[in-house]
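Structure data follow from work.txt (compact mmCIF, C-alpha atoms and all ligand atoms):
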```txt
# COMPACT_ATOMS: atom_id res chain seq x y z
CA MET A 23 86.81 -3.29 -2.75
CA ASN A 24 85.13 -6.63 -2.05
CA VAL A 25 86.72 -9.43 -0.04
CA ARG A 26 85.95 -12.94 1.08
CA LEU A 27 86.60 -13.59 4.75
CA VAL A 28 87.07 -17.21 5.82
CA HIS A 29 87.13 -18.65 9.32
CA GLU A 30 87.97 -22.27 10.15
CA PHE A 31 86.17 -24.18 12.85
CA ARG A 32 86.61 -27.72 14.09
CA PHE A 33 84.51 -30.31 15.82
CA GLU A 34 84.74 -34.00 16.64
CA ALA A 35 81.80 -36.25 15.91
CA ALA A 36 80.73 -39.79 15.13
CA HIS A 37 78.48 -40.84 12.30
CA ARG A 38 77.46 -43.62 9.99
CA LEU A 39 75.99 -43.36 6.51
CA PRO A 40 72.75 -45.35 6.39
CA LYS A 41 72.17 -45.10 2.62
CA VAL A 42 75.47 -46.45 1.27
CA PRO A 43 75.50 -49.83 -0.48
CA GLN A 44 75.67 -52.95 1.64
CA GLY A 45 79.20 -53.65 2.78
CA HIS A 46 80.40 -50.05 2.37
CA LYS A 47 82.82 -49.09 5.16
CA CYS A 48 80.90 -45.90 5.91
CA ALA A 49 77.83 -47.87 6.97
CA ARG A 50 79.78 -48.69 10.13
CA LEU A 51 79.98 -46.32 13.07
CA HIS A 52 83.12 -44.18 12.82
CA GLY A 53 84.29 -40.69 13.63
CA HIS A 54 86.02 -37.69 12.12
CA SER A 55 87.77 -34.54 13.22
CA PHE A 56 85.63 -32.32 11.04
CA LYS A 57 86.92 -29.00 9.77
CA VAL A 58 84.42 -26.39 8.60
CA GLU A 59 85.31 -23.27 6.65
CA VAL A 60 82.74 -20.50 6.75
CA ALA A 61 83.18 -17.78 4.11
CA ILE A 62 81.41 -14.45 3.83
CA ARG A 63 81.79 -11.90 1.06
CA GLY A 64 81.28 -8.18 1.04
CA PRO A 65 82.77 -4.68 0.81
CA VAL A 66 85.60 -3.29 2.90
CA ASN A 67 84.66 -0.18 4.84
CA GLU A 68 87.18 2.51 3.90
CA GLU A 69 87.08 3.99 7.39
CA THR A 70 87.54 0.80 9.43
CA GLY A 71 89.62 -1.05 6.84
CA TRP A 72 87.62 -4.24 7.34
CA PHE A 73 84.42 -5.84 6.10
CA ILE A 74 83.19 -7.16 9.43
CA ASP A 75 84.93 -8.36 12.57
CA TYR A 76 85.89 -12.06 12.38
CA SER A 77 84.25 -12.39 15.78
CA HIS A 78 80.82 -12.26 14.09
CA LEU A 79 81.69 -15.53 12.40
CA TYR A 80 82.65 -17.07 15.70
CA GLU A 81 79.45 -15.88 17.36
CA ALA A 82 77.35 -17.34 14.55
CA TRP A 83 79.21 -20.66 14.68
CA ALA A 84 79.23 -21.19 18.46
CA PRO A 85 75.65 -22.54 18.82
CA LEU A 86 76.26 -25.01 15.99
CA HIS A 87 79.45 -26.22 17.64
CA ASP A 88 77.41 -27.05 20.72
CA LEU A 89 74.97 -29.09 18.63
CA LEU A 90 77.67 -30.99 16.73
CA ASP A 91 80.80 -31.40 18.85
CA HIS A 92 81.14 -34.86 20.44
CA HIS A 93 77.70 -35.84 19.19
CA TYR A 94 76.47 -38.78 17.14
CA LEU A 95 75.44 -36.83 14.06
CA ASN A 96 72.74 -39.30 12.99
CA GLU A 97 70.80 -38.36 16.13
CA VAL A 98 70.87 -34.62 15.38
CA PRO A 99 67.56 -33.53 13.78
CA GLY A 100 68.16 -32.98 10.07
CA LEU A 101 71.34 -35.06 10.01
CA GLU A 102 69.85 -38.54 9.90
CA ASN A 103 71.92 -39.15 6.74
CA PRO A 104 75.03 -37.13 7.68
CA THR A 105 77.02 -36.97 4.47
CA SER A 106 79.30 -33.97 3.96
CA GLU A 107 76.78 -32.63 1.48
CA VAL A 108 73.87 -32.82 3.91
CA LEU A 109 76.00 -31.35 6.69
CA ALA A 110 77.12 -28.43 4.51
CA ARG A 111 73.52 -27.48 3.72
CA TRP A 112 72.46 -28.02 7.35
CA ILE A 113 75.14 -25.58 8.51
CA TRP A 114 74.37 -23.09 5.73
CA THR A 115 70.66 -23.03 6.64
CA ARG A 116 71.47 -22.28 10.27
CA LEU A 117 74.16 -19.67 9.63
CA ALA A 118 72.44 -17.71 6.87
CA PRO A 119 69.93 -15.85 9.07
CA SER A 120 72.71 -14.29 11.18
CA LEU A 121 75.25 -14.04 8.33
CA PRO A 122 73.45 -12.57 5.31
CA SER A 123 76.78 -12.22 3.48
CA LEU A 124 77.37 -15.99 3.73
CA ASN A 125 79.23 -17.06 0.59
CA ARG A 126 80.43 -20.64 1.09
CA VAL A 127 80.42 -23.47 3.62
CA THR A 128 83.14 -26.08 3.19
CA ILE A 129 83.20 -29.38 5.06
CA PHE A 130 86.42 -31.36 5.41
CA GLU A 131 85.71 -34.88 6.67
CA THR A 132 89.32 -35.81 6.07
CA CYS A 133 92.40 -33.87 5.02
CA ASP A 134 91.93 -35.03 1.44
CA ALA A 135 88.22 -34.63 0.73
CA ARG A 136 85.92 -31.66 1.06
CA CYS A 137 82.44 -30.55 0.08
CA GLU A 138 81.90 -26.92 -0.88
CA TYR A 139 78.37 -25.48 -0.77
CA GLU A 140 77.40 -22.00 -1.93
CA GLY A 141 73.64 -22.17 -1.50
CA ASP A 142 71.03 -23.18 -4.06
N1 LIG B 201 80.30 -37.65 -1.59
C1 LIG B 201 80.60 -38.19 -0.38
N2 LIG B 201 81.34 -39.30 -0.32
C2 LIG B 201 81.65 -39.83 0.87
C3 LIG B 201 81.22 -39.22 2.05
C4 LIG B 201 80.42 -38.06 1.95
O1 LIG B 201 79.99 -37.48 2.96
N3 LIG B 201 80.14 -37.57 0.74
N4 LIG B 201 81.57 -39.75 3.24
C5 LIG B 201 82.30 -40.82 3.37
C6 LIG B 201 82.63 -41.35 4.74
O2 LIG B 201 82.12 -40.53 5.76
C7 LIG B 201 84.07 -41.69 5.03
O3 LIG B 201 84.31 -41.71 6.43
C8 LIG B 201 85.11 -40.82 4.44
O4 LIG B 201 85.70 -41.65 3.55
P1 LIG B 201 87.04 -41.39 2.76
O5 LIG B 201 87.05 -40.06 2.12
O6 LIG B 201 87.17 -42.55 1.90
O7 LIG B 201 88.10 -41.27 3.93
P2 LIG B 201 89.16 -42.30 4.45
O8 LIG B 201 90.13 -41.55 5.25
O9 LIG B 201 88.49 -43.43 5.12
O10 LIG B 201 89.75 -42.81 3.10
P3 LIG B 201 91.15 -43.24 2.59
O11 LIG B 201 90.82 -44.30 1.63
O12 LIG B 201 91.93 -43.70 3.78
O13 LIG B 201 91.71 -42.01 1.93
C9 LIG B 201 82.79 -41.53 2.19
N5 LIG B 201 82.41 -40.94 0.93
ZN ZN B 202 82.67 -40.66 7.68
```
Reformat the file's structure so that it appears as structure tokens.
Ligand SMILES: Nc1nc2c(c(=O)[nH]1)N=C([C@H](O)[C@H](O)COP(=O)(O)OP(=O)(O)OP(=O)(O)O)CN2
Ligand SMILES: [Zn+2]
Amino acid sequence: MNVRLVHEFRFEAAHRLPKVPQGHKCARLHGHSFKVEVAIRGPVNEETGWFIDYSHLYEAWAPLHDLLDHHYLNEVPGLENPTSEVLARWIWTRLAPSLPSLNRVTIFETCDARCEYEGD
């Protein structure tokens, strides 16, 4: 039996999008309460009844939270153009080494819009 486990994380950050057309509102400095969903996929162990402990997701996420929370994303190396798309891949690249079963990273900038990334 295979399952997808999903853990939500949140961080607050400011950003601006430097490559949008002139006059676009997102060229101005603004902030979001970002929500990130990290999904892993794999088999359930018949003995333990789980795939892996959710705490592994938390442990993998914690260093990224420190890099992102209450930061100006444009100043974070690799996030000079911090769209949801760029952020999703940035997070994926940093989680994948410690979460080989990584299946999807989803970025919610607002309640209504999200970017889902499943690797290239
Ligand atoms: N494909 C993308 N489009 C947009 C991104 C992005 O990262 N990828 N980002 C933005 C801005 O960051 C913006 O802050 C979010 O804009 P929007 O979804 O329009 O959110 P609002 O709450 O400001 O919009 P409402 O019109 O109030 O719904 C824009 N586009
Ligand atoms: Zn924004």
Exercise. Using all atoms listed in the file, find each residue with an atom at most 9 Å away from ligand ZN 202 (chain B) and format the answer as a ChimeraX atom specification.
Key: /A:36-39,47-54,104-106,131-132
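As for CA of Ile129 (chain A) and CA of Pro40 (chain A), they are spaced 19.1 Å apart.
Close contacts of region 135-142 of chain A, defined as residues with an atom at most 7 Å away when counting all atoms listed in the file, with chain neighbours fewer than 5 positions off set aside, comprise Ser106, Glu107, Ala110, Arg111, Asn125, Arg126, Val127, Thr128, Ile129 and Phe130 of chain A.
If you measure from each of A:Ala35, A:Leu90, A:Ser120, A:Arg26 to His78 (chain A) using all atoms listed in the file, the closest one turns out to be A:Ser120.
Going from CA of His92 (chain A) to CA of Phe31 (chain A) covers 14.0 Å.
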Find the smallest box with edges along x, y and z containing every listed atom of ligand LIG 201 (chain B), then add 4 Å on each side and report centre and edge lengths in Å to one decimal, as lines of an AutoDock Vina configuration file.
```
center_x = 86.0
center_y = -40.9
center_z = 2.4
size_x = 19.9
size_y = 14.8
size_z = 16.0
```
What separates CA of Leu86 (chain A) and CA of Ile113 (chain A) is a distance of 7.6 Å
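With distances taken over all atoms listed in the file, A:Tyr76 is the one residue among A:Phe33, A:Leu101, A:Thr115, A:Tyr76 lying closest to Ala61 (chain A).
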Counting all atoms listed in the file, which residues come within 10 Å of (80.4, -8.7, 3.5), with the point read in the file's coordinates, and could you list them as a VMD selection string? chain A and resid 24 to 27 61 to 67 72 to 74 121 to 125
His87 (chain A) proximity check over A:Cys133, A:Thr70, A:Lys41, A:Val58, using only C-alpha atoms: winner is A:Val58
If you count only C-alpha atoms and all ligand atoms, the residue of A:Phe56, A:Val28, A:Arg116, A:Ser77 closest to ligand LIG 201 (chain B) turns out to be A:Phe56
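Counting all atoms listed in the file and comparing A:Val98, A:Val42, A:Met23, A:Leu117, the residue that lies closest to ligand LIG 201 (chain B) is A:Val42.
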Across A:Val60, A:Leu109, A:Leu89, A:Leu95, the smallest distance to ligand LIG 201 (chain B), with all atoms listed in the file counted, is shown by A:Leu109
